[in-house]
file entry-v2.tsv (TSV, N, CA and C atoms)
chain	number	residue	atom	x	y	z
W	1	MET	N	99.53	144.75	99.31
W	1	MET	CA	98.74	144.02	100.27
W	1	MET	C	97.93	142.92	99.60
W	2	LEU	N	97.32	143.22	98.44
W	2	LEU	CA	96.53	142.21	97.75
W	2	LEU	C	97.39	141.07	97.23
W	3	SER	N	98.59	141.39	96.81
W	3	SER	CA	99.48	140.32	96.34
W	3	SER	C	99.82	139.36	97.48
W	4	LEU	N	99.99	139.89	98.67
W	4	LEU	CA	100.25	139.04	99.83
W	4	LEU	C	99.05	138.16	100.12
W	5	ILE	N	97.84	138.71	100.04
W	5	ILE	CA	96.63	137.93	100.26
W	5	ILE	C	96.52	136.80	99.24
W	6	VAL	N	96.84	137.09	98.00
W	6	VAL	CA	96.72	136.09	96.94
W	6	VAL	C	97.81	135.03	97.05
W	7	PHE	N	99.06	135.45	97.24
W	7	PHE	CA	100.16	134.50	97.13
W	7	PHE	C	100.59	133.88	98.46
W	8	LEU	N	100.05	134.31	99.58
W	8	LEU	CA	100.38	133.71	100.87
W	8	LEU	C	100.09	132.21	100.91
W	9	PRO	N	98.92	131.74	100.47
W	9	PRO	CA	98.69	130.29	100.48
W	9	PRO	C	99.68	129.53	99.59
W	10	ALA	N	100.05	130.11	98.47
W	10	ALA	CA	101.01	129.44	97.59
W	10	ALA	C	102.39	129.37	98.24
W	11	LEU	N	102.78	130.42	98.92
W	11	LEU	CA	104.08	130.41	99.62
W	11	LEU	C	104.09	129.38	100.74
W	12	VAL	N	102.99	129.27	101.47
W	12	VAL	CA	102.90	128.26	102.53
W	12	VAL	C	102.93	126.86	101.92
W	13	ALA	N	102.28	126.67	100.79
W	13	ALA	CA	102.30	125.37	100.12
W	13	ALA	C	103.72	124.99	99.71
W	14	VAL	N	104.47	125.94	99.19
W	14	VAL	CA	105.86	125.68	98.82
W	14	VAL	C	106.68	125.32	100.05
W	15	ALA	N	106.46	126.02	101.15
W	15	ALA	CA	107.19	125.71	102.39
W	15	ALA	C	106.81	124.34	102.93
W	16	LEU	N	105.54	123.96	102.80
W	16	LEU	CA	105.10	122.66	103.30
W	16	LEU	C	105.61	121.51	102.45
W	17	CYS	N	106.06	121.80	101.25
W	17	CYS	CA	106.64	120.74	100.41
W	17	CYS	C	107.87	120.13	101.08
W	18	ALA	N	108.56	120.91	101.91
W	18	ALA	CA	109.77	120.42	102.57
W	18	ALA	C	109.45	119.55	103.79
W	19	VAL	N	108.22	119.59	104.27
W	19	VAL	CA	107.83	118.80	105.44
W	19	VAL	C	107.52	117.37	104.98
W	20	PRO	N	108.06	116.36	105.67
W	20	PRO	CA	107.78	114.99	105.25
W	20	PRO	C	106.31	114.63	105.44
W	21	ALA	N	105.80	113.77	104.57
W	21	ALA	CA	104.39	113.39	104.61
W	21	ALA	C	104.01	112.69	105.90
W	22	ARG	N	104.97	112.06	106.56
W	22	ARG	CA	104.68	111.32	107.79
W	22	ARG	C	104.43	112.26	108.98
W	23	ALA	N	104.54	113.58	108.77
W	23	ALA	CA	104.32	114.54	109.85
W	23	ALA	C	102.89	114.49	110.37
W	24	GLY	N	101.97	114.08	109.54
W	24	GLY	CA	100.59	113.88	109.99
W	24	GLY	C	99.65	115.02	109.62
W	25	THR	N	98.39	114.72	109.80
W	25	THR	CA	97.33	115.65	109.44
W	25	THR	C	97.39	116.94	110.25
W	26	THR	N	97.70	116.83	111.52
W	26	THR	CA	97.68	118.01	112.40
W	26	THR	C	98.65	119.09	111.94
W	27	VAL	N	99.83	118.69	111.53
W	27	VAL	CA	100.84	119.67	111.10
W	27	VAL	C	100.37	120.41	109.85
W	28	PHE	N	99.92	119.66	108.87
W	28	PHE	CA	99.53	120.27	107.60
W	28	PHE	C	98.24	121.09	107.75
W	29	ALA	N	97.25	120.54	108.43
W	29	ALA	CA	95.99	121.26	108.60
W	29	ALA	C	96.17	122.49	109.48
W	30	SER	N	97.04	122.41	110.48
W	30	SER	CA	97.29	123.58	111.33
W	30	SER	C	97.97	124.70	110.56
W	31	ALA	N	98.91	124.35	109.69
W	31	ALA	CA	99.56	125.36	108.85
W	31	ALA	C	98.55	126.00	107.91
W	32	TRP	N	97.67	125.19	107.37
W	32	TRP	CA	96.62	125.70	106.48
W	32	TRP	C	95.66	126.60	107.25
W	33	LEU	N	95.29	126.19	108.46
W	33	LEU	CA	94.40	127.00	109.28
W	33	LEU	C	95.04	128.34	109.64
W	34	ALA	N	96.31	128.31	110.01
W	34	ALA	CA	97.02	129.56	110.32
W	34	ALA	C	97.08	130.47	109.10
W	35	THR	N	97.30	129.89	107.94
W	35	THR	CA	97.32	130.67	106.70
W	35	THR	C	95.97	131.32	106.44
W	36	GLY	N	94.91	130.56	106.63
W	36	GLY	CA	93.57	131.09	106.44
W	36	GLY	C	93.25	132.22	107.40
W	37	LEU	N	93.66	132.07	108.65
W	37	LEU	CA	93.39	133.12	109.64
W	37	LEU	C	94.19	134.39	109.34
W	38	VAL	N	95.44	134.23	108.91
W	38	VAL	CA	96.24	135.40	108.52
W	38	VAL	C	95.61	136.07	107.30
W	39	GLN	N	95.17	135.28	106.35
W	39	GLN	CA	94.54	135.82	105.16
W	39	GLN	C	93.26	136.59	105.54
W	40	LEU	N	92.48	136.04	106.45
W	40	LEU	CA	91.27	136.74	106.91
W	40	LEU	C	91.62	138.05	107.61
W	41	GLY	N	92.69	138.05	108.39
W	41	GLY	CA	93.13	139.28	109.05
W	41	GLY	C	93.55	140.34	108.04
W	42	LEU	N	94.27	139.93	107.02
W	42	LEU	CA	94.68	140.87	105.98
W	42	LEU	C	93.48	141.42	105.21
W	43	ILE	N	92.50	140.55	104.97
W	43	ILE	CA	91.28	141.00	104.28
W	43	ILE	C	90.53	142.00	105.15
W	44	ALA	N	90.51	141.79	106.45
W	44	ALA	CA	89.85	142.74	107.36
W	44	ALA	C	90.54	144.10	107.31
W	45	VAL	N	91.87	144.10	107.22
W	45	VAL	CA	92.62	145.37	107.11
W	45	VAL	C	92.26	146.07	105.80
W	46	VAL	N	92.18	145.30	104.71
W	46	VAL	CA	91.82	145.87	103.41
W	46	VAL	C	90.40	146.43	103.47
W	47	TRP	N	89.51	145.68	104.10
W	47	TRP	CA	88.11	146.11	104.19
W	47	TRP	C	88.00	147.43	104.95
W	48	ALA	N	88.77	147.55	106.02
W	48	ALA	CA	88.73	148.78	106.83
W	48	ALA	C	89.25	149.98	106.04
W	49	GLY	N	90.17	149.76	105.12
W	49	GLY	CA	90.74	150.86	104.37
W	49	GLY	C	90.18	151.04	102.97
W	50	LEU	N	89.10	150.33	102.65
W	50	LEU	CA	88.52	150.41	101.31
W	50	LEU	C	87.86	151.77	101.09
W	51	PRO	N	88.17	152.43	99.97
W	51	PRO	CA	87.52	153.72	99.70
W	51	PRO	C	86.03	153.53	99.41
W	52	ALA	N	85.28	154.61	99.55
W	52	ALA	CA	83.82	154.55	99.38
W	52	ALA	C	83.42	154.21	97.95
W	53	SER	N	84.20	154.61	96.98
W	53	SER	CA	83.88	154.30	95.58
W	53	SER	C	85.15	153.99	94.82
W	54	GLY	N	85.00	153.27	93.75
W	54	GLY	CA	86.14	152.90	92.92
W	54	GLY	C	86.91	151.72	93.49
W	55	TYR	N	88.06	151.47	92.89
W	55	TYR	CA	88.91	150.36	93.31
W	55	TYR	C	89.86	150.82	94.40
W	56	GLY	N	90.14	149.93	95.32
W	56	GLY	CA	91.09	150.21	96.37
W	56	GLY	C	92.24	149.23	96.34
W	57	PHE	N	93.35	149.62	96.92
W	57	PHE	CA	94.53	148.78	97.05
W	57	PHE	C	94.99	148.26	95.68
W	58	VAL	N	94.98	149.11	94.69
W	58	VAL	CA	95.33	148.73	93.33
W	58	VAL	C	96.84	148.57	93.21
W	59	GLU	N	97.25	147.49	92.57
W	59	GLU	CA	98.66	147.25	92.25
W	59	GLU	C	98.73	146.96	90.75
W	60	ARG	N	99.67	147.59	90.08
W	60	ARG	CA	99.82	147.37	88.63
W	60	ARG	C	101.29	147.33	88.28
W	61	TYR	N	101.70	146.25	87.65
W	61	TYR	CA	103.08	146.06	87.19
W	61	TYR	C	103.04	145.54	85.77
W	62	ALA	N	103.88	146.09	84.92
W	62	ALA	CA	103.95	145.62	83.54
W	62	ALA	C	104.39	144.16	83.53
W	63	TRP	N	103.68	143.34	82.79
W	63	TRP	CA	104.00	141.92	82.72
W	63	TRP	C	104.49	141.59	81.31
W	64	ILE	N	103.62	141.81	80.32
W	64	ILE	CA	103.99	141.65	78.92
W	64	ILE	C	103.61	142.96	78.23
W	65	PRO	N	104.48	143.97	78.36
W	65	PRO	CA	104.09	145.31	77.88
W	65	PRO	C	103.84	145.37	76.37
W	66	SER	N	104.50	144.55	75.59
W	66	SER	CA	104.30	144.60	74.14
W	66	SER	C	102.88	144.20	73.76
W	67	ALA	N	102.22	143.41	74.60
W	67	ALA	CA	100.84	142.99	74.34
W	67	ALA	C	99.84	143.76	75.20
W	68	GLY	N	100.33	144.68	76.02
W	68	GLY	CA	99.45	145.45	76.89
W	68	GLY	C	98.92	144.66	78.08
W	69	ILE	N	99.65	143.61	78.46
W	69	ILE	CA	99.22	142.76	79.57
W	69	ILE	C	100.01	143.14	80.81
W	70	SER	N	99.29	143.28	81.93
W	70	SER	CA	99.94	143.66	83.17
W	70	SER	C	99.39	142.84	84.32
W	71	TYR	N	100.18	142.80	85.39
W	71	TYR	CA	99.70	142.24	86.64
W	71	TYR	C	98.96	143.38	87.32
W	72	HIS	N	97.63	143.36	87.23
W	72	HIS	CA	96.81	144.47	87.70
W	72	HIS	C	95.74	143.89	88.63
W	73	VAL	N	95.85	144.21	89.92
W	73	VAL	CA	94.88	143.72	90.90
W	73	VAL	C	94.32	144.88	91.70
W	74	GLY	N	93.13	144.68	92.22
W	74	GLY	CA	92.46	145.67	93.05
W	74	GLY	C	91.14	145.10	93.54
W	75	VAL	N	90.53	145.77	94.49
W	75	VAL	CA	89.23	145.33	95.00
W	75	VAL	C	88.26	146.50	95.02
W	76	ASP	N	86.99	146.15	94.94
W	76	ASP	CA	85.93	147.14	95.09
W	76	ASP	C	84.87	146.56	96.01
W	77	GLY	N	83.73	147.21	96.11
W	77	GLY	CA	82.69	146.79	97.02
W	77	GLY	C	82.04	145.47	96.67
W	78	LEU	N	82.22	144.98	95.46
W	78	LEU	CA	81.67	143.69	95.07
W	78	LEU	C	82.68	142.56	95.23
W	79	SER	N	83.91	142.80	94.84
W	79	SER	CA	84.91	141.73	94.88
W	79	SER	C	85.43	141.45	96.28
W	80	LEU	N	85.46	142.46	97.15
W	80	LEU	CA	86.00	142.26	98.50
W	80	LEU	C	85.15	141.30	99.33
W	81	PRO	N	83.80	141.40	99.35
W	81	PRO	CA	83.03	140.39	100.09
W	81	PRO	C	83.21	138.98	99.53
W	82	LEU	N	83.35	138.86	98.21
W	82	LEU	CA	83.58	137.55	97.62
W	82	LEU	C	84.95	137.00	98.02
W	83	LEU	N	85.94	137.86	98.08
W	83	LEU	CA	87.27	137.47	98.55
W	83	LEU	C	87.21	137.01	100.00
W	84	ALA	N	86.49	137.76	100.82
W	84	ALA	CA	86.34	137.40	102.24
W	84	ALA	C	85.61	136.07	102.39
W	85	LEU	N	84.56	135.87	101.62
W	85	LEU	CA	83.81	134.62	101.69
W	85	LEU	C	84.67	133.44	101.26
W	86	THR	N	85.48	133.64	100.26
W	86	THR	CA	86.40	132.59	99.82
W	86	THR	C	87.35	132.21	100.94
W	87	ALA	N	87.92	133.19	101.61
W	87	ALA	CA	88.84	132.91	102.72
W	87	ALA	C	88.13	132.22	103.87
W	88	ILE	N	86.89	132.61	104.14
W	88	ILE	CA	86.13	131.97	105.22
W	88	ILE	C	85.86	130.51	104.90
W	89	VAL	N	85.46	130.22	103.67
W	89	VAL	CA	85.16	128.84	103.28
W	89	VAL	C	86.41	127.97	103.35
W	90	PHE	N	87.53	128.48	102.85
W	90	PHE	CA	88.76	127.68	102.89
W	90	PHE	C	89.25	127.50	104.33
W	91	THR	N	89.08	128.49	105.17
W	91	THR	CA	89.48	128.36	106.57
W	91	THR	C	88.58	127.35	107.29
W	92	ALA	N	87.30	127.36	106.99
W	92	ALA	CA	86.39	126.37	107.57
W	92	ALA	C	86.74	124.96	107.11
W	93	THR	N	87.16	124.84	105.86
W	93	THR	CA	87.60	123.54	105.35
W	93	THR	C	88.86	123.07	106.08
W	94	ALA	N	89.74	124.00	106.39
W	94	ALA	CA	90.95	123.65	107.14
W	94	ALA	C	90.59	123.16	108.54
W	95	VAL	N	89.62	123.80	109.17
W	95	VAL	CA	89.18	123.35	110.50
W	95	VAL	C	88.62	121.94	110.41
W	96	TYR	N	87.83	121.67	109.40
W	96	TYR	CA	87.26	120.33	109.22
W	96	TYR	C	88.36	119.30	108.96
W	97	THR	N	89.40	119.70	108.26
W	97	THR	CA	90.50	118.78	107.94
W	97	THR	C	91.26	118.36	109.19
W	98	LEU	N	91.22	119.16	110.23
W	98	LEU	CA	91.89	118.78	111.48
W	98	LEU	C	91.37	117.46	112.03
W	99	ARG	N	90.17	117.05	111.64
W	99	ARG	CA	89.61	115.78	112.10
W	99	ARG	C	90.33	114.58	111.50
W	100	GLY	N	91.02	114.79	110.40
W	100	GLY	CA	91.79	113.73	109.78
W	100	GLY	C	91.39	113.50	108.34
W	101	THR	N	92.35	113.09	107.55
W	101	THR	CA	92.12	112.80	106.14
W	101	THR	C	93.20	111.86	105.64
W	102	ASP	N	92.92	111.17	104.57
W	102	ASP	CA	93.94	110.33	103.93
W	102	ASP	C	94.90	111.23	103.16
W	103	ARG	N	96.17	110.91	103.19
W	103	ARG	CA	97.21	111.67	102.49
W	103	ARG	C	97.08	113.17	102.73
W	104	PRO	N	97.28	113.61	103.94
W	104	PRO	CA	97.05	115.03	104.28
W	104	PRO	C	97.98	115.99	103.56
W	105	LYS	N	99.21	115.57	103.26
W	105	LYS	CA	100.14	116.51	102.62
W	105	LYS	C	99.64	116.94	101.25
W	106	GLY	N	99.31	115.98	100.42
W	106	GLY	CA	98.81	116.30	99.08
W	106	GLY	C	97.49	117.05	99.12
W	107	PHE	N	96.63	116.64	100.04
W	107	PHE	CA	95.33	117.28	100.20
W	107	PHE	C	95.49	118.76	100.54
W	108	VAL	N	96.30	119.06	101.53
W	108	VAL	CA	96.49	120.44	101.97
W	108	VAL	C	97.23	121.26	100.92
W	109	LEU	N	98.25	120.69	100.28
W	109	LEU	CA	98.98	121.43	99.26
W	109	LEU	C	98.09	121.82	98.09
W	110	LEU	N	97.24	120.90	97.65
W	110	LEU	CA	96.34	121.22	96.55
W	110	LEU	C	95.29	122.25	96.96
W	111	PHE	N	94.78	122.15	98.18
W	111	PHE	CA	93.81	123.13	98.63
W	111	PHE	C	94.44	124.51	98.82
W	112	LEU	N	95.68	124.57	99.28
W	112	LEU	CA	96.36	125.86	99.39
W	112	LEU	C	96.56	126.49	98.01
W	113	ALA	N	96.91	125.67	97.03
W	113	ALA	CA	97.06	126.19	95.67
W	113	ALA	C	95.72	126.69	95.14
W	114	LEU	N	94.66	125.94	95.40
W	114	LEU	CA	93.32	126.36	94.97
W	114	LEU	C	92.89	127.63	95.70
W	115	GLN	N	93.26	127.76	96.96
W	115	GLN	CA	92.94	128.96	97.73
W	115	GLN	C	93.62	130.18	97.12
W	116	ALA	N	94.86	130.02	96.70
W	116	ALA	CA	95.60	131.14	96.10
W	116	ALA	C	94.96	131.57	94.78
W	117	VAL	N	94.65	130.62	93.91
W	117	VAL	CA	94.08	131.03	92.62
W	117	VAL	C	92.64	131.51	92.78
W	118	SER	N	91.91	131.01	93.75
W	118	SER	CA	90.55	131.51	93.99
W	118	SER	C	90.58	132.96	94.46
W	119	ALA	N	91.53	133.28	95.32
W	119	ALA	CA	91.69	134.67	95.76
W	119	ALA	C	92.10	135.54	94.57
W	120	GLY	N	92.97	135.03	93.73
W	120	GLY	CA	93.40	135.78	92.56
W	120	GLY	C	92.27	136.08	91.59
W	121	LEU	N	91.31	135.18	91.51
W	121	LEU	CA	90.16	135.42	90.63
W	121	LEU	C	89.40	136.68	91.01
W	122	PHE	N	89.26	136.93	92.30
W	122	PHE	CA	88.43	138.04	92.74
W	122	PHE	C	89.17	139.37	92.80
W	123	VAL	N	90.47	139.36	92.65
W	123	VAL	CA	91.20	140.64	92.68
W	123	VAL	C	91.78	141.02	91.32
W	124	ALA	N	91.72	140.13	90.34
W	124	ALA	CA	92.30	140.40	89.02
W	124	ALA	C	91.52	141.48	88.29
W	125	LEU	N	92.23	142.48	87.81
W	125	LEU	CA	91.62	143.55	87.02
W	125	LEU	C	92.06	143.49	85.56
W	126	ASP	N	93.02	142.66	85.23
W	126	ASP	CA	93.46	142.46	83.86
W	126	ASP	C	92.81	141.17	83.35
W	127	LEU	N	92.26	141.20	82.16
W	127	LEU	CA	91.53	140.05	81.63
W	127	LEU	C	92.42	138.82	81.48
W	128	ILE	N	93.64	139.01	81.01
W	128	ILE	CA	94.54	137.86	80.83
W	128	ILE	C	94.92	137.28	82.19
W	129	LEU	N	95.14	138.12	83.18
W	129	LEU	CA	95.43	137.65	84.53
W	129	LEU	C	94.24	136.88	85.09
W	130	PHE	N	93.03	137.38	84.85
W	130	PHE	CA	91.83	136.68	85.29
W	130	PHE	C	91.75	135.31	84.64
W	131	PHE	N	91.99	135.23	83.33
W	131	PHE	CA	91.96	133.95	82.63
W	131	PHE	C	93.02	133.00	83.16
W	132	LEU	N	94.19	133.53	83.51
W	132	LEU	CA	95.24	132.69	84.08
W	132	LEU	C	94.78	132.08	85.40
W	133	PHE	N	94.25	132.91	86.30
W	133	PHE	CA	93.76	132.40	87.58
W	133	PHE	C	92.59	131.44	87.37
W	134	PHE	N	91.69	131.75	86.43
W	134	PHE	CA	90.54	130.90	86.17
W	134	PHE	C	90.99	129.53	85.67
W	135	ASP	N	91.90	129.52	84.70
W	135	ASP	CA	92.38	128.24	84.17
W	135	ASP	C	93.13	127.43	85.22
W	136	LEU	N	93.89	128.10	86.07
W	136	LEU	CA	94.57	127.37	87.15
W	136	LEU	C	93.57	126.81	88.15
W	137	SER	N	92.45	127.51	88.36
W	137	SER	CA	91.45	126.97	89.28
W	137	SER	C	90.81	125.71	88.71
W	138	ILE	N	90.72	125.60	87.42
W	138	ILE	CA	90.19	124.38	86.79
W	138	ILE	C	91.18	123.23	86.97
W	139	VAL	N	92.48	123.52	86.88
W	139	VAL	CA	93.51	122.50	87.02
W	139	VAL	C	93.55	121.96	88.43
W	140	PHE	N	93.47	122.86	89.43
W	140	PHE	CA	93.56	122.42	90.82
W	140	PHE	C	92.21	121.91	91.27
call {"tool": "encode", "arguments": {"input": "entry-v2.tsv", "output": "C-alpha cells"}}
result
Amino acid sequence: MLSLIVFLPALVAVALCAVPARAGTTVFASAWLATGLVQLGLIAVVWAGLPASGYGFVERYAWIPSAGISYHVGVDGLSLPLLALTAIVFTATAVYTLRGTDRPKGFVLLFLALQAVSAGLFVALDLILFFLFFDLSIVF
C-alpha cells in the first residue's frame, strides 16, 4: 500500500509524458488533482488501519543484499501525519494550478515527481533509501 502511495504520482507523470503539451493546463492539472485525491484516499485507509504502536504497513524487499541495503518502508504515528500533510499541500497546489500556468506539462510533471519523492521521504525506513529520496527531492 505504501509503495502505491509513493509511486502513484511517478506513474501518472510517466503516463502524462505521452500527452501532447498542447493539451492545455486543464488536462495536466486535472490529472494531478485526481492523483492527489487518490493519494489522500489511500493515506486515509492507511491511517484507519495504523496500529497503536510501532510501524504499520511495513514493506521490505532486498535491494542490495551484499551491502545490507533494502527497500524498507513503513509509517508510524509521526510520519503518517507528515505524509498526509504533504499530500494535502500538493493537492492544494494542483487546485491552484487549474487557474493556469505557463508550460503546464513540464510544471505538472516536475511537481508529480517531487510529490513522489516527498512521500518517499516520510515512509523510508532504510537510511540509504532515505538519502536516495532526499537527494532526488533536491534535484526536482
call {"tool": "residues_around", "arguments": {"input": "entry-v2.tsv", "residues": "stretch 100-103 of chain W", "least_positions_apart": "2", "cutoff": "12 Å", "atoms": "only C-alpha atoms", "output": "PDB file with N, CA and C atoms, in the frame of the given file"}}
result
ATOM      1  N   PRO W  20     108.060 116.360 105.670  1.00  0.00           N
ATOM      2  CA  PRO W  20     107.780 114.990 105.250  1.00  0.00           C
ATOM      3  C   PRO W  20     106.310 114.630 105.440  1.00  0.00           C
ATOM      4  N   ALA W  21     105.800 113.770 104.570  1.00  0.00           N
ATOM      5  CA  ALA W  21     104.390 113.390 104.610  1.00  0.00           C
ATOM      6  C   ALA W  21     104.010 112.690 105.900  1.00  0.00           C
ATOM      7  N   ARG W  22     104.970 112.060 106.560  1.00  0.00           N
ATOM      8  CA  ARG W  22     104.680 111.320 107.790  1.00  0.00           C
ATOM      9  C   ARG W  22     104.430 112.260 108.980  1.00  0.00           C
ATOM     10  N   ALA W  23     104.540 113.580 108.770  1.00  0.00           N
ATOM     11  CA  ALA W  23     104.320 114.540 109.850  1.00  0.00           C
ATOM     12  C   ALA W  23     102.890 114.490 110.370  1.00  0.00           C
ATOM     13  N   GLY W  24     101.970 114.080 109.540  1.00  0.00           N
ATOM     14  CA  GLY W  24     100.590 113.880 109.990  1.00  0.00           C
ATOM     15  C   GLY W  24      99.650 115.020 109.620  1.00  0.00           C
ATOM     16  N   THR W  25      98.390 114.720 109.800  1.00  0.00           N
ATOM     17  CA  THR W  25      97.330 115.650 109.440  1.00  0.00           C
ATOM     18  C   THR W  25      97.390 116.940 110.250  1.00  0.00           C
ATOM     19  N   THR W  26      97.700 116.830 111.520  1.00  0.00           N
ATOM     20  CA  THR W  26      97.680 118.010 112.400  1.00  0.00           C
ATOM     21  C   THR W  26      98.650 119.090 111.940  1.00  0.00           C
ATOM     22  N   VAL W  27      99.830 118.690 111.530  1.00  0.00           N
ATOM     23  CA  VAL W  27     100.840 119.670 111.100  1.00  0.00           C
ATOM     24  C   VAL W  27     100.370 120.410 109.850  1.00  0.00           C
ATOM     25  N   PHE W  28      99.920 119.660 108.870  1.00  0.00           N
ATOM     26  CA  PHE W  28      99.530 120.270 107.600  1.00  0.00           C
ATOM     27  C   PHE W  28      98.240 121.090 107.750  1.00  0.00           C
ATOM     28  N   ALA W  29      97.250 120.540 108.430  1.00  0.00           N
ATOM     29  CA  ALA W  29      95.990 121.260 108.600  1.00  0.00           C
ATOM     30  C   ALA W  29      96.170 122.490 109.480  1.00  0.00           C
ATOM     31  N   SER W  30      97.040 122.410 110.480  1.00  0.00           N
ATOM     32  CA  SER W  30      97.290 123.580 111.330  1.00  0.00           C
ATOM     33  C   SER W  30      97.970 124.700 110.560  1.00  0.00           C
ATOM     34  N   THR W  93      87.160 124.840 105.860  1.00  0.00           N
ATOM     35  CA  THR W  93      87.600 123.540 105.350  1.00  0.00           C
ATOM     36  C   THR W  93      88.860 123.070 106.080  1.00  0.00           C
ATOM     37  N   ALA W  94      89.740 124.000 106.390  1.00  0.00           N
ATOM     38  CA  ALA W  94      90.950 123.650 107.140  1.00  0.00           C
ATOM     39  C   ALA W  94      90.590 123.160 108.540  1.00  0.00           C
ATOM     40  N   VAL W  95      89.620 123.800 109.170  1.00  0.00           N
ATOM     41  CA  VAL W  95      89.180 123.350 110.500  1.00  0.00           C
ATOM     42  C   VAL W  95      88.620 121.940 110.410  1.00  0.00           C
ATOM     43  N   TYR W  96      87.830 121.670 109.400  1.00  0.00           N
ATOM     44  CA  TYR W  96      87.260 120.330 109.220  1.00  0.00           C
ATOM     45  C   TYR W  96      88.360 119.300 108.960  1.00  0.00           C
ATOM     46  N   THR W  97      89.400 119.700 108.260  1.00  0.00           N
ATOM     47  CA  THR W  97      90.500 118.780 107.940  1.00  0.00           C
ATOM     48  C   THR W  97      91.260 118.360 109.190  1.00  0.00           C
ATOM     49  N   LEU W  98      91.220 119.160 110.230  1.00  0.00           N
ATOM     50  CA  LEU W  98      91.890 118.780 111.480  1.00  0.00           C
ATOM     51  C   LEU W  98      91.370 117.460 112.030  1.00  0.00           C
ATOM     52  N   LYS W 105      99.210 115.570 103.260  1.00  0.00           N
ATOM     53  CA  LYS W 105     100.140 116.510 102.620  1.00  0.00           C
ATOM     54  C   LYS W 105      99.640 116.940 101.250  1.00  0.00           C
ATOM     55  N   GLY W 106      99.310 115.980 100.420  1.00  0.00           N
ATOM     56  CA  GLY W 106      98.810 116.300  99.080  1.00  0.00           C
ATOM     57  C   GLY W 106      97.490 117.050  99.120  1.00  0.00           C
ATOM     58  N   PHE W 107      96.630 116.640 100.040  1.00  0.00           N
ATOM     59  CA  PHE W 107      95.330 117.280 100.200  1.00  0.00           C
ATOM     60  C   PHE W 107      95.490 118.760 100.540  1.00  0.00           C
ATOM     61  N   VAL W 108      96.300 119.060 101.530  1.00  0.00           N
ATOM     62  CA  VAL W 108      96.490 120.440 101.970  1.00  0.00           C
ATOM     63  C   VAL W 108      97.230 121.260 100.920  1.00  0.00           C
ATOM     64  N   LEU W 109      98.250 120.690 100.280  1.00  0.00           N
ATOM     65  CA  LEU W 109      98.980 121.430  99.260  1.00  0.00           C
ATOM     66  C   LEU W 109      98.090 121.820  98.090  1.00  0.00           C
ATOM     67  N   LEU W 110      97.240 120.900  97.650  1.00  0.00           N
ATOM     68  CA  LEU W 110      96.340 121.220  96.550  1.00  0.00           C
ATOM     69  C   LEU W 110      95.290 122.250  96.960  1.00  0.00           C
TER      70      LEU W 110
END
call {"tool": "atom_distance", "arguments": {"input": "entry-v2.tsv", "atom1": "atom N of W:Phe57", "atom2": "atom CA of W:Leu42"}}
result
12.7 Å
call {"tool": "select_by_dssp", "arguments": {"input": "entry-v2.tsv", "residues": "chain W", "states": "strand (DSSP E)", "output": "VMD selection string"}}
result
chain W and resid 56 to 64 69 to 75
call {"tool": "atom_distance", "arguments": {"input": "entry-v2.tsv", "atom1": "atom CA of W:Val46", "atom2": "atom N of W:Met1"}}
result
8.8 Å
call {"tool": "select_by_dssp", "arguments": {"input": "entry-v2.tsv", "residues": "stretch 17-50 of chain W", "states": "helix (DSSP H, G or I)", "output": "PyMOL selection string"}}
result
chain W and resi 21-23+25-48
call {"tool": "residues_around", "arguments": {"input": "entry-v2.tsv", "residues": "stretch 72-88 of chain W", "least_positions_apart": "2", "cutoff": "6 Å", "atoms": "only C-alpha atoms", "output": "list in words"}}
result
Tyr55, Gly56, Phe57, Val58, Glu59, Arg60, Ser70, Phe90, Thr91, Ala119, Phe122, Val123, Ala124, Leu125 and Asp126 of chain W
call {"tool": "residues_around", "arguments": {"input": "entry-v2.tsv", "residues": "W:Phe134", "least_positions_apart": "3", "cutoff": "8 Å", "atoms": "all atoms listed in the file", "output": "mmCIF file with N, CA and C atoms, keeping the file's coordinate frame"}}
result
data_model
loop_
_atom_site.group_PDB
_atom_site.id
_atom_site.type_symbol
_atom_site.label_atom_id
_atom_site.label_comp_id
_atom_site.auth_asym_id
_atom_site.auth_seq_id
_atom_site.Cartn_x
_atom_site.Cartn_y
_atom_site.Cartn_z
ATOM 1 N N VAL W 117 94.650 130.620 93.910
ATOM 2 C CA VAL W 117 94.080 131.030 92.620
ATOM 3 C C VAL W 117 92.640 131.510 92.780
ATOM 4 N N SER W 118 91.910 131.010 93.750
ATOM 5 C CA SER W 118 90.550 131.510 93.990
ATOM 6 C C SER W 118 90.580 132.960 94.460
ATOM 7 N N GLY W 120 92.970 135.030 93.730
ATOM 8 C CA GLY W 120 93.400 135.780 92.560
ATOM 9 C C GLY W 120 92.270 136.080 91.590
ATOM 10 N N LEU W 121 91.310 135.180 91.510
ATOM 11 C CA LEU W 121 90.160 135.420 90.630
ATOM 12 C C LEU W 121 89.400 136.680 91.010
ATOM 13 N N ILE W 128 93.640 139.010 81.010
ATOM 14 C CA ILE W 128 94.540 137.860 80.830
ATOM 15 C C ILE W 128 94.920 137.280 82.190
ATOM 16 N N LEU W 129 95.140 138.120 83.180
ATOM 17 C CA LEU W 129 95.430 137.650 84.530
ATOM 18 C C LEU W 129 94.240 136.880 85.090
ATOM 19 N N PHE W 130 93.030 137.380 84.850
ATOM 20 C CA PHE W 130 91.830 136.680 85.290
ATOM 21 C C PHE W 130 91.750 135.310 84.640
ATOM 22 N N PHE W 131 91.990 135.230 83.330
ATOM 23 C CA PHE W 131 91.960 133.950 82.630
ATOM 24 C C PHE W 131 93.020 133.000 83.160
ATOM 25 N N SER W 137 92.450 127.510 88.360
ATOM 26 C CA SER W 137 91.450 126.970 89.280
ATOM 27 C C SER W 137 90.810 125.710 88.710
ATOM 28 N N ILE W 138 90.720 125.600 87.420
ATOM 29 C CA ILE W 138 90.190 124.380 86.790
ATOM 30 C C ILE W 138 91.180 123.230 86.970
ATOM 31 N N VAL W 139 92.480 123.520 86.880
ATOM 32 C CA VAL W 139 93.510 122.500 87.020
ATOM 33 C C VAL W 139 93.550 121.960 88.430
#
call {"tool": "closest_residue", "arguments": {"input": "entry-v2.tsv", "among": "W:Leu127, W:Leu4, W:Ala92, W:Leu16", "to": "W:Gln39", "atoms": "all atoms listed in the file"}}
result
W:Leu4
